[in-house]
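Coordinates as given in data_29.cif (mmCIF, C-alpha atoms and all ligand atoms):
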data_model
#
loop_
_atom_site.label_atom_id
_atom_site.label_comp_id
_atom_site.auth_asym_id
_atom_site.auth_seq_id
_atom_site.Cartn_x
_atom_site.Cartn_y
_atom_site.Cartn_z
CA MET V 1 104.49 171.36 72.75
CA GLU V 2 106.53 174.52 73.19
CA ASP V 3 110.21 174.16 72.53
CA LEU V 4 112.66 176.15 74.65
CA GLU V 5 115.37 176.25 72.02
CA GLY V 6 112.81 177.70 69.58
CA ILE V 7 111.76 180.32 72.16
CA ILE V 8 115.39 181.34 72.74
CA LYS V 9 116.06 181.52 69.01
CA ASN V 10 112.97 183.65 68.55
CA THR V 11 114.20 185.98 71.32
CA LEU V 12 117.57 186.29 69.58
CA PHE V 13 115.85 186.94 66.25
CA VAL V 14 113.73 189.73 67.73
CA GLU V 15 116.17 191.25 70.27
CA GLY V 16 119.58 190.41 68.83
CA PRO V 17 122.44 188.91 70.89
CA ILE V 18 121.82 188.33 74.62
CA PRO V 19 124.45 188.03 77.38
CA PHE V 20 125.36 184.41 78.17
CA ALA V 21 123.91 184.95 81.67
CA ARG V 22 120.48 185.57 80.17
CA PHE V 23 120.79 182.45 78.01
CA MET V 24 121.77 180.44 81.12
CA GLU V 25 118.82 181.89 83.03
CA MET V 26 116.40 180.87 80.26
CA ALA V 27 117.94 177.40 79.83
CA LEU V 28 117.68 176.66 83.56
CA TYR V 29 114.61 178.57 84.68
CA TYR V 30 112.30 179.46 81.77
CA PRO V 31 108.81 178.90 83.27
CA GLY V 32 107.68 175.32 82.69
CA LEU V 33 110.45 174.54 80.18
CA GLY V 34 113.79 175.24 81.88
CA TYR V 35 116.07 172.53 83.23
CA TYR V 36 114.91 173.17 86.81
CA THR V 37 111.35 174.26 86.05
CA SER V 38 110.07 171.50 83.78
CA GLY V 39 109.35 169.02 86.58
CA GLN V 40 111.84 166.32 85.50
CA ARG V 41 113.99 164.49 88.03
CA ARG V 42 117.53 165.83 87.61
CA THR V 43 119.76 164.11 90.13
CA GLY V 44 120.58 160.59 91.23
CA ALA V 45 121.76 157.47 89.45
CA TYR V 46 119.54 158.02 86.42
CA GLY V 47 119.79 161.82 86.45
CA ASP V 48 122.58 164.04 85.23
CA TYR V 49 124.58 164.23 88.47
CA TYR V 50 124.39 163.33 92.16
CA THR V 51 124.97 165.46 95.23
CA SER V 52 126.40 164.75 98.71
CA PRO V 53 123.05 164.14 100.47
CA GLN V 54 122.31 161.45 97.88
CA ALA V 55 125.71 159.79 98.29
CA HIS V 56 125.30 158.83 101.97
CA PRO V 57 122.95 159.90 104.81
CA VAL V 58 125.92 160.57 107.10
CA PHE V 59 126.31 163.87 105.25
CA SER V 60 122.90 165.00 106.50
CA ALA V 61 123.52 163.50 109.95
CA LEU V 62 126.72 165.56 110.27
CA LEU V 63 124.86 168.68 109.17
CA ALA V 64 122.11 167.94 111.70
CA LEU V 65 124.80 167.80 114.39
CA GLN V 66 126.29 171.05 113.07
CA LEU V 67 122.87 172.71 113.30
CA GLU V 68 122.40 171.41 116.84
CA ARG V 69 125.78 172.94 117.72
CA MET V 70 124.80 176.28 116.16
CA TRP V 71 121.59 176.23 118.20
CA GLN V 72 123.65 175.65 121.37
CA LEU V 73 126.12 178.41 120.48
CA ILE V 74 123.47 181.08 120.04
CA GLY V 75 121.98 180.24 123.42
CA ARG V 76 119.45 177.46 122.71
CA PRO V 77 116.62 179.72 121.44
CA LYS V 78 113.05 178.34 121.69
CA THR V 79 112.69 178.51 117.92
CA PHE V 80 115.58 177.69 115.63
CA HIS V 81 114.90 178.24 111.93
CA VAL V 82 116.74 176.29 109.31
CA VAL V 83 116.06 177.53 105.82
CA GLU V 84 117.41 175.15 103.22
CA ALA V 85 117.48 177.07 99.95
CA GLY V 86 117.40 175.23 96.63
CA ALA V 87 116.32 172.01 98.37
CA GLY V 88 115.70 170.25 95.04
CA GLU V 89 114.43 166.72 95.51
CA GLY V 90 114.58 167.03 99.29
CA GLN V 91 117.00 164.31 100.35
CA LEU V 92 118.95 166.62 102.67
CA ALA V 93 115.77 167.96 104.31
CA GLN V 94 114.40 164.49 104.83
CA ASP V 95 117.61 163.07 106.30
CA ILE V 96 118.45 166.08 108.50
CA LEU V 97 114.97 165.94 109.97
CA SER V 98 115.10 162.23 110.51
CA TYR V 99 118.51 162.44 112.23
CA SER V 100 117.46 165.43 114.33
CA ARG V 101 114.98 163.16 116.09
CA ARG V 102 118.00 161.53 117.73
CA LEU V 103 119.51 164.80 118.97
CA GLU V 104 118.99 166.98 122.05
CA GLU V 105 115.32 167.25 122.91
CA GLY V 106 115.38 171.04 123.17
CA PHE V 107 116.86 171.21 119.67
CA GLN V 108 114.14 168.95 118.26
CA GLU V 109 111.50 171.15 119.85
CA ALA V 110 113.10 174.36 118.60
CA LEU V 111 113.73 173.22 115.03
CA VAL V 112 111.58 174.69 112.28
CA TYR V 113 112.87 173.50 108.91
CA ILE V 114 111.88 175.48 105.85
CA ALA V 115 112.84 174.01 102.50
CA THR V 116 112.65 176.40 99.55
CA ASP V 117 113.12 175.86 95.88
CA LEU V 118 111.94 177.84 92.92
CA SER V 119 110.87 174.69 91.13
CA PHE V 120 108.57 172.98 93.62
CA GLY V 121 105.73 173.91 91.26
CA GLY V 122 107.24 171.68 88.59
CA THR V 123 108.52 168.83 90.75
CA ARG V 124 105.83 166.89 92.55
CA VAL V 125 106.45 167.92 96.11
CA GLY V 126 104.29 165.14 97.57
CA GLU V 127 106.72 162.60 96.17
CA VAL V 128 109.49 163.68 98.49
CA ARG V 129 107.27 163.59 101.57
CA PHE V 130 107.81 167.21 102.34
CA ASP V 131 104.78 167.70 104.49
CA THR V 132 105.56 166.32 107.93
CA PRO V 133 106.10 168.89 110.70
CA PRO V 134 108.46 170.58 111.48
CA LEU V 135 108.99 170.86 107.74
CA LEU V 136 107.51 173.66 105.70
CA THR V 137 108.06 174.00 101.99
CA VAL V 138 108.08 177.34 100.29
CA ALA V 139 108.28 177.60 96.53
CA SER V 140 110.29 180.75 96.15
CA ARG V 141 113.09 182.20 94.16
CA GLY V 142 114.60 184.25 96.93
CA LEU V 143 114.39 184.33 100.72
CA PRO V 144 110.99 185.83 101.60
CA PHE V 145 111.70 185.74 105.35
CA HIS V 146 112.73 188.07 108.10
CA ASN V 147 113.66 187.81 111.78
CA LEU V 148 115.11 184.34 111.27
CA ARG V 149 117.10 182.98 114.16
CA GLY V 150 119.03 179.96 113.01
CA CYS V 151 120.78 178.99 109.81
CA ILE V 152 120.33 179.49 106.10
CA LEU V 153 121.81 176.46 104.44
CA SER V 154 122.45 175.53 100.82
CA ASN V 155 124.10 172.66 99.02
CA GLU V 156 124.93 173.19 95.36
CA LEU V 157 122.66 176.19 95.00
CA LEU V 158 125.05 178.99 94.06
CA ASP V 159 126.58 177.01 91.19
CA ALA V 160 123.15 177.13 89.55
CA PHE V 161 123.06 180.94 89.50
CA PRO V 162 123.59 182.41 86.00
CA VAL V 163 127.00 183.96 85.34
CA HIS V 164 128.23 186.63 82.98
CA ARG V 165 131.33 185.51 81.07
CA LEU V 166 133.91 188.20 80.39
CA VAL V 167 136.97 187.87 78.19
CA ALA V 168 140.13 189.99 78.39
CA LYS V 169 140.72 191.25 74.86
CA GLY V 170 143.07 194.02 73.71
CA GLY V 171 143.60 195.33 77.25
CA ALA V 172 139.86 195.58 78.02
CA LEU V 173 137.05 193.29 79.10
CA LYS V 174 134.43 192.13 76.60
CA GLU V 175 131.38 190.01 77.36
CA ILE V 176 130.29 186.76 75.71
CA TYR V 177 126.84 187.03 74.11
CA VAL V 178 124.75 184.32 72.49
CA THR V 179 123.44 184.95 69.02
CA LEU V 180 122.20 183.17 65.88
CA ALA V 181 124.35 182.18 62.92
CA GLY V 182 121.78 180.83 60.48
CA ASN V 183 119.81 178.53 62.76
CA ALA V 184 122.71 177.74 65.13
CA LEU V 185 123.35 179.22 68.58
CA VAL V 186 126.83 180.75 68.63
CA GLU V 187 128.88 183.07 70.84
CA VAL V 188 130.00 186.62 69.96
CA LEU V 189 131.81 189.27 71.99
CA GLY V 190 130.11 192.53 72.92
CA GLU V 191 130.23 195.32 75.46
CA VAL V 192 130.10 194.38 79.14
CA SER V 193 126.47 194.52 80.30
CA VAL V 194 126.93 194.51 84.10
CA PRO V 195 128.53 197.02 86.51
CA ILE V 196 131.66 194.94 87.05
CA SER V 197 133.61 197.21 89.36
CA ASP V 198 131.30 196.22 92.22
CA LEU V 199 131.16 192.54 91.37
CA LEU V 200 134.71 191.42 90.89
CA GLY V 201 135.10 190.38 94.51
CA VAL V 202 138.73 189.67 95.24
CA GLN V 203 139.66 189.74 91.60
CA MET V 204 140.12 193.43 91.01
CA SER V 205 142.77 193.44 88.29
CA LEU V 206 142.36 192.70 84.60
CA PRO V 207 142.96 188.99 83.95
CA PRO V 208 145.62 187.91 81.39
CA GLU V 209 144.81 188.49 77.72
CA GLY V 210 142.43 185.88 76.32
CA SER V 211 141.30 184.48 79.68
CA THR V 212 137.66 184.22 80.70
CA LEU V 213 136.31 185.61 83.93
CA GLU V 214 132.90 184.73 85.33
CA ILE V 215 130.89 187.04 87.52
CA CYS V 216 127.63 186.31 89.20
CA PRO V 217 125.48 189.29 90.25
CA GLN V 218 122.97 186.88 91.82
CA VAL V 219 125.51 185.86 94.47
CA TRP V 220 125.64 189.48 95.65
CA GLU V 221 121.85 189.75 95.68
CA TRP V 222 121.66 186.41 97.52
CA MET V 223 124.02 187.57 100.27
CA ALA V 224 122.04 190.78 100.72
CA GLU V 225 118.78 188.81 100.98
CA ALA V 226 120.30 186.34 103.44
CA ALA V 227 121.59 189.16 105.64
CA ARG V 228 118.16 190.83 105.57
CA ALA V 229 116.37 187.58 106.41
CA LEU V 230 118.64 186.65 109.35
CA MET V 231 118.16 188.38 112.67
CA GLU V 232 120.85 186.22 114.21
CA GLY V 233 122.59 183.13 113.00
CA PHE V 234 124.60 181.45 110.30
CA LEU V 235 124.82 181.12 106.57
CA LEU V 236 126.24 177.74 105.60
CA THR V 237 127.10 177.43 101.91
CA ILE V 238 128.41 174.22 100.37
CA ASP V 239 129.36 174.11 96.71
CA TYR V 240 132.11 173.47 94.24
CA GLY V 241 134.18 176.51 93.60
CA TYR V 242 137.50 178.25 94.06
CA TRP V 243 139.07 180.58 96.58
CA ASP V 244 142.90 180.56 96.58
CA THR V 245 143.45 180.71 92.85
CA PRO V 246 140.85 182.30 90.58
CA LYS V 247 139.60 179.82 88.02
CA GLU V 248 138.59 180.76 84.55
CA GLY V 249 136.09 179.34 82.14
CA THR V 250 134.25 177.03 84.56
CA VAL V 251 130.84 177.03 82.88
CA THR V 252 129.95 173.38 82.29
CA SER V 253 126.97 171.52 80.96
CA TYR V 254 126.11 168.05 82.26
CA ARG V 255 123.94 165.31 80.92
CA ARG V 256 123.89 161.78 82.31
CA HIS V 257 127.07 162.33 84.33
CA SER V 258 129.12 163.59 81.32
CA THR V 259 129.87 167.04 79.97
CA ALA V 260 128.26 168.49 76.86
CA SER V 261 128.07 171.77 74.90
CA PRO V 262 125.73 174.34 76.54
CA TYR V 263 124.02 174.84 73.19
CA GLU V 264 122.86 171.25 72.76
CA ARG V 265 119.55 169.99 74.18
CA VAL V 266 118.79 173.39 75.69
CA GLY V 267 116.69 172.98 78.85
CA GLN V 268 117.40 169.24 78.98
CA GLN V 269 120.89 169.42 80.43
CA ASP V 270 122.40 171.12 83.45
CA LEU V 271 124.39 174.33 83.11
CA THR V 272 126.58 175.35 86.01
CA ALA V 273 129.57 177.47 86.98
CA HIS V 274 132.06 177.14 89.83
CA VAL V 275 131.38 179.43 92.77
CA ASP V 276 133.79 182.28 93.41
CA PHE V 277 134.02 181.99 97.21
CA GLY V 278 136.08 185.18 97.36
CA ALA V 279 133.04 187.01 95.99
CA VAL V 280 130.74 185.16 98.42
CA MET V 281 132.89 186.27 101.34
CA GLU V 282 133.22 189.87 100.17
CA ALA V 283 129.53 190.19 99.27
CA GLY V 284 128.65 188.87 102.74
CA ARG V 285 131.08 191.17 104.51
CA ARG V 286 129.52 194.22 102.87
CA VAL V 287 126.11 193.32 104.30
CA GLY V 288 127.23 192.38 107.81
CA LEU V 289 127.93 188.66 107.49
CA THR V 290 131.20 187.83 109.25
CA PRO V 291 133.13 184.98 107.62
CA LEU V 292 133.91 182.35 110.25
CA GLY V 293 135.67 180.03 107.90
CA LEU V 294 136.08 178.60 104.45
CA VAL V 295 137.40 175.06 104.20
CA SER V 296 136.98 172.17 101.85
CA GLN V 297 134.32 169.54 102.50
CA ARG V 298 136.82 166.88 103.50
CA PRO V 299 138.22 168.62 106.63
CA PHE V 300 134.80 170.09 107.36
CA LEU V 301 133.20 166.65 107.57
CA MET V 302 136.22 165.21 109.41
CA ASP V 303 135.95 167.96 112.05
CA LEU V 304 132.30 167.07 112.49
CA GLY V 305 133.15 163.40 113.07
CA LEU V 306 132.97 161.63 109.70
CA GLY V 307 135.78 159.29 110.78
CA ALA V 308 133.94 158.34 113.97
CA PHE V 309 130.78 157.57 111.97
CA LYS V 310 132.78 155.37 109.59
CA GLU V 311 134.15 153.44 112.54
CA ALA V 312 130.71 153.19 114.14
CA ALA V 313 129.24 151.81 110.90
CA ALA V 314 132.13 149.31 110.69
CA ARG V 315 131.34 148.10 114.24
CA LEU V 316 127.80 147.16 113.17
CA ARG V 317 129.11 144.01 111.49
CA LEU V 318 126.89 144.42 108.45
CA PRO V 319 126.91 141.84 105.67
CA GLN V 320 130.08 142.34 103.62
CA ARG V 321 128.45 144.04 100.64
CA GLN V 322 126.39 146.40 102.73
CA HIS V 323 129.46 147.20 104.79
CA GLN V 324 131.48 147.99 101.66
CA ALA V 325 128.71 150.07 100.10
CA ASN V 326 128.44 152.22 103.24
CA GLN V 327 132.17 152.61 103.75
CA MET V 328 132.79 153.57 100.12
CA ALA V 329 129.92 156.03 99.98
CA MET V 330 131.17 157.72 103.16
CA LEU V 331 134.66 157.92 101.68
CA ASP V 332 133.16 159.42 98.52
CA LEU V 333 131.93 162.42 100.53
CA ALA V 334 135.53 163.25 101.40
CA ARG V 335 137.26 162.21 98.17
CA PRO V 336 139.94 164.89 97.60
CA GLU V 337 139.39 165.13 93.85
CA GLY V 338 135.60 164.84 94.18
CA LEU V 339 133.01 165.96 96.75
CA GLY V 340 135.77 166.36 99.35
CA SER V 341 137.18 169.30 97.38
CA PHE V 342 133.94 171.31 97.56
CA GLY V 343 134.05 174.57 99.49
CA VAL V 344 132.20 175.02 102.78
CA MET V 345 131.74 178.60 103.86
CA ILE V 346 130.24 179.63 107.20
CA GLN V 347 129.23 183.25 107.78
CA TYR V 348 127.65 184.65 110.90
CA LYS V 349 125.38 187.56 111.74
CA GLY V 350 125.13 188.54 115.37
CA GLY V 351 127.10 189.83 118.29
CA LEU V 352 128.91 186.74 119.60
CA PRO V 353 132.64 186.11 119.12
CA PHE V 354 132.68 182.70 117.38
CA SER V 355 135.37 181.01 115.37
CA MET V 356 135.21 177.95 113.13
CA GLY V 357 136.78 175.96 116.00
CA ASP V 358 133.62 176.47 118.08
CA LEU V 359 131.69 174.61 115.41
CA ALA V 360 133.94 171.52 115.30
CA LEU V 361 132.51 168.42 116.96
CA GLU V 362 134.81 165.47 116.34
CA ARG V 363 135.61 164.68 119.98
CA GLN V 364 132.05 165.16 121.16
CA VAL V 365 130.63 163.04 118.33
CA LYS V 366 133.10 160.25 119.06
CA ASP V 367 131.97 160.19 122.70
CA ARG V 368 128.27 160.30 121.85
CA LEU V 369 128.68 157.46 119.34
CA ALA V 370 130.68 155.42 121.84
CA ALA V 371 128.01 155.99 124.50
CA GLY V 372 125.35 154.76 122.08
CA ASP V 373 123.60 158.17 122.07
CA LEU V 374 123.90 158.56 118.31
CA PRO V 375 123.01 155.99 115.66
CA ALA V 376 125.21 155.46 112.58
CA PRO V 377 122.96 156.23 109.60
CA LEU V 378 123.09 153.72 106.75
CA LEU V 379 122.33 153.80 103.04
CA SER V 380 118.73 153.18 102.08
CA ARG V 381 116.94 152.85 98.76
CA GLU V 382 116.60 156.61 98.61
CA HIS V 383 120.34 157.12 98.23
CA ILE V 384 122.28 156.68 95.05
CA PRO V 385 123.67 153.14 94.64
CA LEU V 386 127.16 154.49 94.13
CA VAL V 387 129.02 151.27 94.67
CA GLU V 388 126.67 149.21 92.53
CA GLY V 389 126.98 151.87 89.81
CA ARG V 390 130.73 151.37 89.72
CA TYR V 391 130.87 147.73 90.77
CA PRO V 392 127.59 146.05 89.75
CA HIS V 393 128.70 142.68 91.19
CA LEU V 394 128.46 144.29 94.64
CA ALA V 395 124.72 144.95 94.37
CA TRP V 396 122.96 144.05 97.62
CA GLU V 397 119.50 144.14 99.06
CA TYR V 398 118.50 147.01 101.36
C1 LIG C 401 122.13 171.82 91.72
S1 LIG C 401 120.51 171.73 92.39
C2 LIG C 401 120.86 171.21 94.04
C3 LIG C 401 119.71 170.55 94.74
C4 LIG C 401 119.95 170.10 96.19
N1 LIG C 401 120.35 171.20 97.03
C5 LIG C 401 120.94 168.97 96.30
O1 LIG C 401 121.97 169.14 96.93
O2 LIG C 401 120.66 167.88 95.76
C6 LIG C 401 120.09 173.43 92.55
C7 LIG C 401 118.67 173.68 93.01
O3 LIG C 401 118.55 175.07 93.32
C8 LIG C 401 117.30 175.56 92.84
N2 LIG C 401 117.44 177.02 92.68
C9 LIG C 401 118.18 177.69 91.80
N3 LIG C 401 118.11 179.01 92.01
C10 LIG C 401 117.30 179.18 93.09
C11 LIG C 401 116.85 180.32 93.82
N4 LIG C 401 117.22 181.54 93.49
N5 LIG C 401 116.03 180.12 94.89
C12 LIG C 401 115.65 178.86 95.24
N6 LIG C 401 116.05 177.75 94.58
C13 LIG C 401 116.87 177.91 93.52
C14 LIG C 401 117.06 174.76 91.57
O4 LIG C 401 115.70 174.74 91.22
C15 LIG C 401 117.60 173.38 91.97
O5 LIG C 401 116.60 172.58 92.55
#

Starting from the file, give its structure as structure tokens.
Amino acid sequence: MEDLEGIIKNTLFVEGPIPFARFMEMALYYPGLGYYTSGQRRTGAYGDYYTSPQAHPVFSALLALQLERMWQLIGRPKTFHVVEAGAGEGQLAQDILSYSRRLEEGFQEALVYIATDLSFGGTRVGEVRFDTPPLLTVASRGLPFHNLRGCILSNELLDAFPVHRLVAKGGALKEIYVTLAGNALVEVLGEVSVPISDLLGVQMSLPPEGSTLEICPQVWEWMAEAARALMEGFLLTIDYGYWDTPKEGTVTSYRRHSTASPYERVGQQDLTAHVDFGAVMEAGRRVGLTPLGLVSQRPFLMDLGLGAFKEAAARLRLPQRQHQANQMAMLDLARPEGLGSFGVMIQYKGGLPFSMGDLALERQVKDRLAAGDLPAPLLSREHIPLVEGRYPHLAWEY
């Protein structure tokens, strides 16, 4: 069997040091052997991390309502495309589609949901039941679409884009490269390999001596592709990242819910960097995507009606353990030091004068829940048993 670490070492032996971004690209996406291309399950209780759609289906229900609202705002078009990029194991797609069946009929009829991921070839798509209309799956690295009217949506996609790591040294920027010392993978500094003046986003000045700056050219390419693909509509990006204060040195490697060195078990553990939302906003602006808002996940979900869904689930009088599991998983989505601190950025392409306030739904959702027009979605076997993971004595039957 081919060994990715051996392939990378061979590349270093032949070519010399490579920028960290290239190492990250190989570790995550080397055909058939990278973390996301080898066909292994990566998320969930027994994976390396879990994401919001796996924590509780209310996350997807709230996004379904947000999409319905977007459809209404742009004039209820006959076809409304939702492209979910980096759909991974498909939980969000599955739950948004299932919840959409309870929403306005015109929206259900208009919805065309396209899930893309570059690694569908490796992961067995059939397993996530990706083949029921209106769902299409497209294995693709970019966004091979045009004339979309709707929303391009991603959850934890941009943090998986490779980053260049730059260090301020002696009044100039140097770049971190990966090289070989004997048989070990080590870091060395070299000349900057990317045109940084265009990519620094909001961070135009030299950072303090010794600090590390990460830049992600793929974010800029992504924004340009999204703007090209959209005729009219929204780009909804959810991820962990920073906006007010630039963060440094955020590259992290995860295995089984703990951090590890990026140079261990290459291709077997996740490698990720926090998203620079300032760069996302600036990159979008330059290609005609107007930023409507950037908030953290907690207020975003609250404005969509998370609190009303919690109350509605509480009114169902579920058995105690099931009640607790649902309430705690819903709280987890808004936990200030956890998923609740993620960034949610909404950008818009088109001629209408929207603001983030137009997208809020709390009042409306409360009324629809009270009138019995919306069901409160509950945890199923497909979601991560968060509560049981932390409190095994609370395990309960679905
Ligand atoms: C951190 S996972 C998130 C998966 C899923 N969105 C979720 O929330 O559970 C990132 C996913 O993005 C995919 N990916 C990375 N770069 C991509 C690209 N340029 N185009 C499409 N998918 C990409 C990876 O294969 C992986 O499945």

Quick one: which chain V residues come within 7 Å of ligand LIG 401 (chain C), and what is the nearest atom pair for each with the distance in Å to one decimal, counting all atoms listed in the file, rows ordered by chain and ascending number, as a tab-separated table?
residue	atom	partner	partner_atom	distance
V:Tyr36	CA	C:LIG401	O4	4.7
V:Thr37	CA	C:LIG401	O4	6.8
V:Thr43	CA	C:LIG401	O2	6.8
V:Tyr50	CA	C:LIG401	O2	6.9
V:Thr51	CA	C:LIG401	O2	5.0
V:Ser52	CA	C:LIG401	O1	6.5
V:Pro53	CA	C:LIG401	O1	6.2
V:Gln54	CA	C:LIG401	O2	7.0
V:Ala85	CA	C:LIG401	C12	5.4
V:Gly86	CA	C:LIG401	O3	3.5
V:Ala87	CA	C:LIG401	N1	4.3
V:Gly88	CA	C:LIG401	O5	3.5
V:Glu89	CA	C:LIG401	O2	6.3
V:Gly90	CA	C:LIG401	C4	6.9
V:Gln91	CA	C:LIG401	O2	6.9
V:Leu92	CA	C:LIG401	O1	7.0
V:Thr116	CA	C:LIG401	C12	5.8
V:Asp117	CA	C:LIG401	N6	3.7
V:Leu118	CA	C:LIG401	N6	4.4
V:Ser119	CA	C:LIG401	O4	4.8
V:Ser140	CA	C:LIG401	C12	5.8
V:Arg141	CA	C:LIG401	N5	3.7
V:Gly142	CA	C:LIG401	N5	4.8
V:Ser154	CA	C:LIG401	N1	6.1
V:Asn155	CA	C:LIG401	N1	4.5
V:Glu156	CA	C:LIG401	C2	4.7
V:Leu157	CA	C:LIG401	C6	4.5
V:Asp159	CA	C:LIG401	C1	6.9
V:Ala160	CA	C:LIG401	C9	5.5
V:Phe161	CA	C:LIG401	N3	5.9

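Using all atoms listed in the file, the shortest contact distance between V:Glu109 and any of V:His81, V:Arg42, V:Arg255, V:His146 is found at V:His81.
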
> What is the atom CA of V:Ser296 to atom CA of V:Leu148 distance in Å?
Replying inline: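 Atom CA of V:Ser296 sits 26.7 Å away from atom CA of V:Leu148.
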
> From the list V:Thr237, V:Val194, V:His164, V:Glu282, which residue is nearest V:Thr212 when using only C-alpha atoms?
Replying inline: V:His164

Give me, as a tab-separated table, each residue of stretch 30-83 of chain V that comes within 12 Å of stretch 357-374 of chain V, together with its shortest interatomic pair and the distance in Å at one decimal, counting all atoms listed in the file, with rows ordered by chain and rising residue number.
residue	atom	partner	partner_atom	distance
V:Val58	CA	V:Leu374	CA	11.6
V:Ala61	CA	V:Leu374	CA	9.7
V:Leu62	CA	V:Leu361	CA	9.3
V:Leu63	CA	V:Leu361	CA	10.9
V:Ala64	CA	V:Leu374	CA	11.6
V:Leu65	CA	V:Leu361	CA	8.2
V:Gln66	CA	V:Leu359	CA	6.9
V:Leu67	CA	V:Leu359	CA	9.3
V:Glu68	CA	V:Leu359	CA	9.9
V:Arg69	CA	V:Leu359	CA	6.6
V:Met70	CA	V:Leu359	CA	7.1
V:Trp71	CA	V:Leu359	CA	10.6
V:Gln72	CA	V:Leu359	CA	10.1
V:Leu73	CA	V:Asp358	CA	8.1
V:Ile74	CA	V:Asp358	CA	11.3

>> Can you tell me which residues surround V:Asp244 at a distance of at most 10 Å, considering only C-alpha atoms, apart from same-chain residues fewer than 5 positions away, and format the answer as a PyMOL selection string?
In response: chain V and resi 276-278

>> Using all atoms listed in the file for the distances, tell me which of V:Tyr99, V:Tyr240, V:Tyr177, V:Phe342 is nearest to V:Met24.
In response: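 Of V:Tyr99, V:Tyr240, V:Tyr177, V:Phe342, the one nearest V:Met24 is V:Tyr177, counting all atoms listed in the file.
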
With the input short on atoms, add N, CA and C atoms back to stretch 259-274 of chain V and write it as a short mmCIF file (atom, residue, chain, number, x, y, z; two decimals), in the frame of the given file.
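Okay, this is what ended up in result.cif:
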data_model
loop_
_atom_site.label_atom_id
_atom_site.label_comp_id
_atom_site.auth_asym_id
_atom_site.auth_seq_id
_atom_site.Cartn_x
_atom_site.Cartn_y
_atom_site.Cartn_z
N THR V 259 129.98 165.64 80.39
CA THR V 259 129.87 167.04 79.97
C THR V 259 129.40 167.13 78.52
N ALA V 260 128.81 168.29 78.21
CA ALA V 260 128.26 168.49 76.86
C ALA V 260 128.34 169.98 76.52
N SER V 261 128.08 170.35 75.27
CA SER V 261 128.07 171.77 74.90
C SER V 261 126.82 172.44 75.47
N PRO V 262 126.92 173.69 75.98
CA PRO V 262 125.73 174.34 76.54
C PRO V 262 124.63 174.59 75.51
N TYR V 263 125.01 174.50 74.22
CA TYR V 263 124.02 174.84 73.19
C TYR V 263 123.32 173.63 72.59
N GLU V 264 123.60 172.45 73.17
CA GLU V 264 122.86 171.25 72.76
C GLU V 264 121.73 171.04 73.75
N ARG V 265 120.69 170.40 73.32
CA ARG V 265 119.55 169.99 74.18
C ARG V 265 119.24 171.05 75.23
N VAL V 266 119.00 172.26 74.77
CA VAL V 266 118.79 173.39 75.69
C VAL V 266 117.58 173.10 76.59
N GLY V 267 117.77 173.25 77.89
CA GLY V 267 116.69 172.98 78.85
C GLY V 267 116.64 171.53 79.29
N GLN V 268 117.40 170.67 78.63
CA GLN V 268 117.40 169.24 78.98
C GLN V 268 118.68 168.84 79.69
N GLN V 269 119.63 169.76 79.76
CA GLN V 269 120.89 169.42 80.43
C GLN V 269 121.28 170.55 81.38
N ASP V 270 122.02 170.16 82.42
CA ASP V 270 122.40 171.12 83.45
C ASP V 270 123.43 172.11 82.91
N LEU V 271 123.38 173.32 83.44
CA LEU V 271 124.39 174.33 83.11
C LEU V 271 124.83 174.91 84.44
N THR V 272 126.12 174.95 84.69
CA THR V 272 126.58 175.35 86.01
C THR V 272 127.93 176.07 85.92
N ALA V 273 128.26 176.83 86.94
CA ALA V 273 129.57 177.47 86.98
C ALA V 273 130.13 177.33 88.39
N HIS V 274 131.45 177.23 88.50
CA HIS V 274 132.06 177.14 89.83
C HIS V 274 131.80 178.43 90.61
#
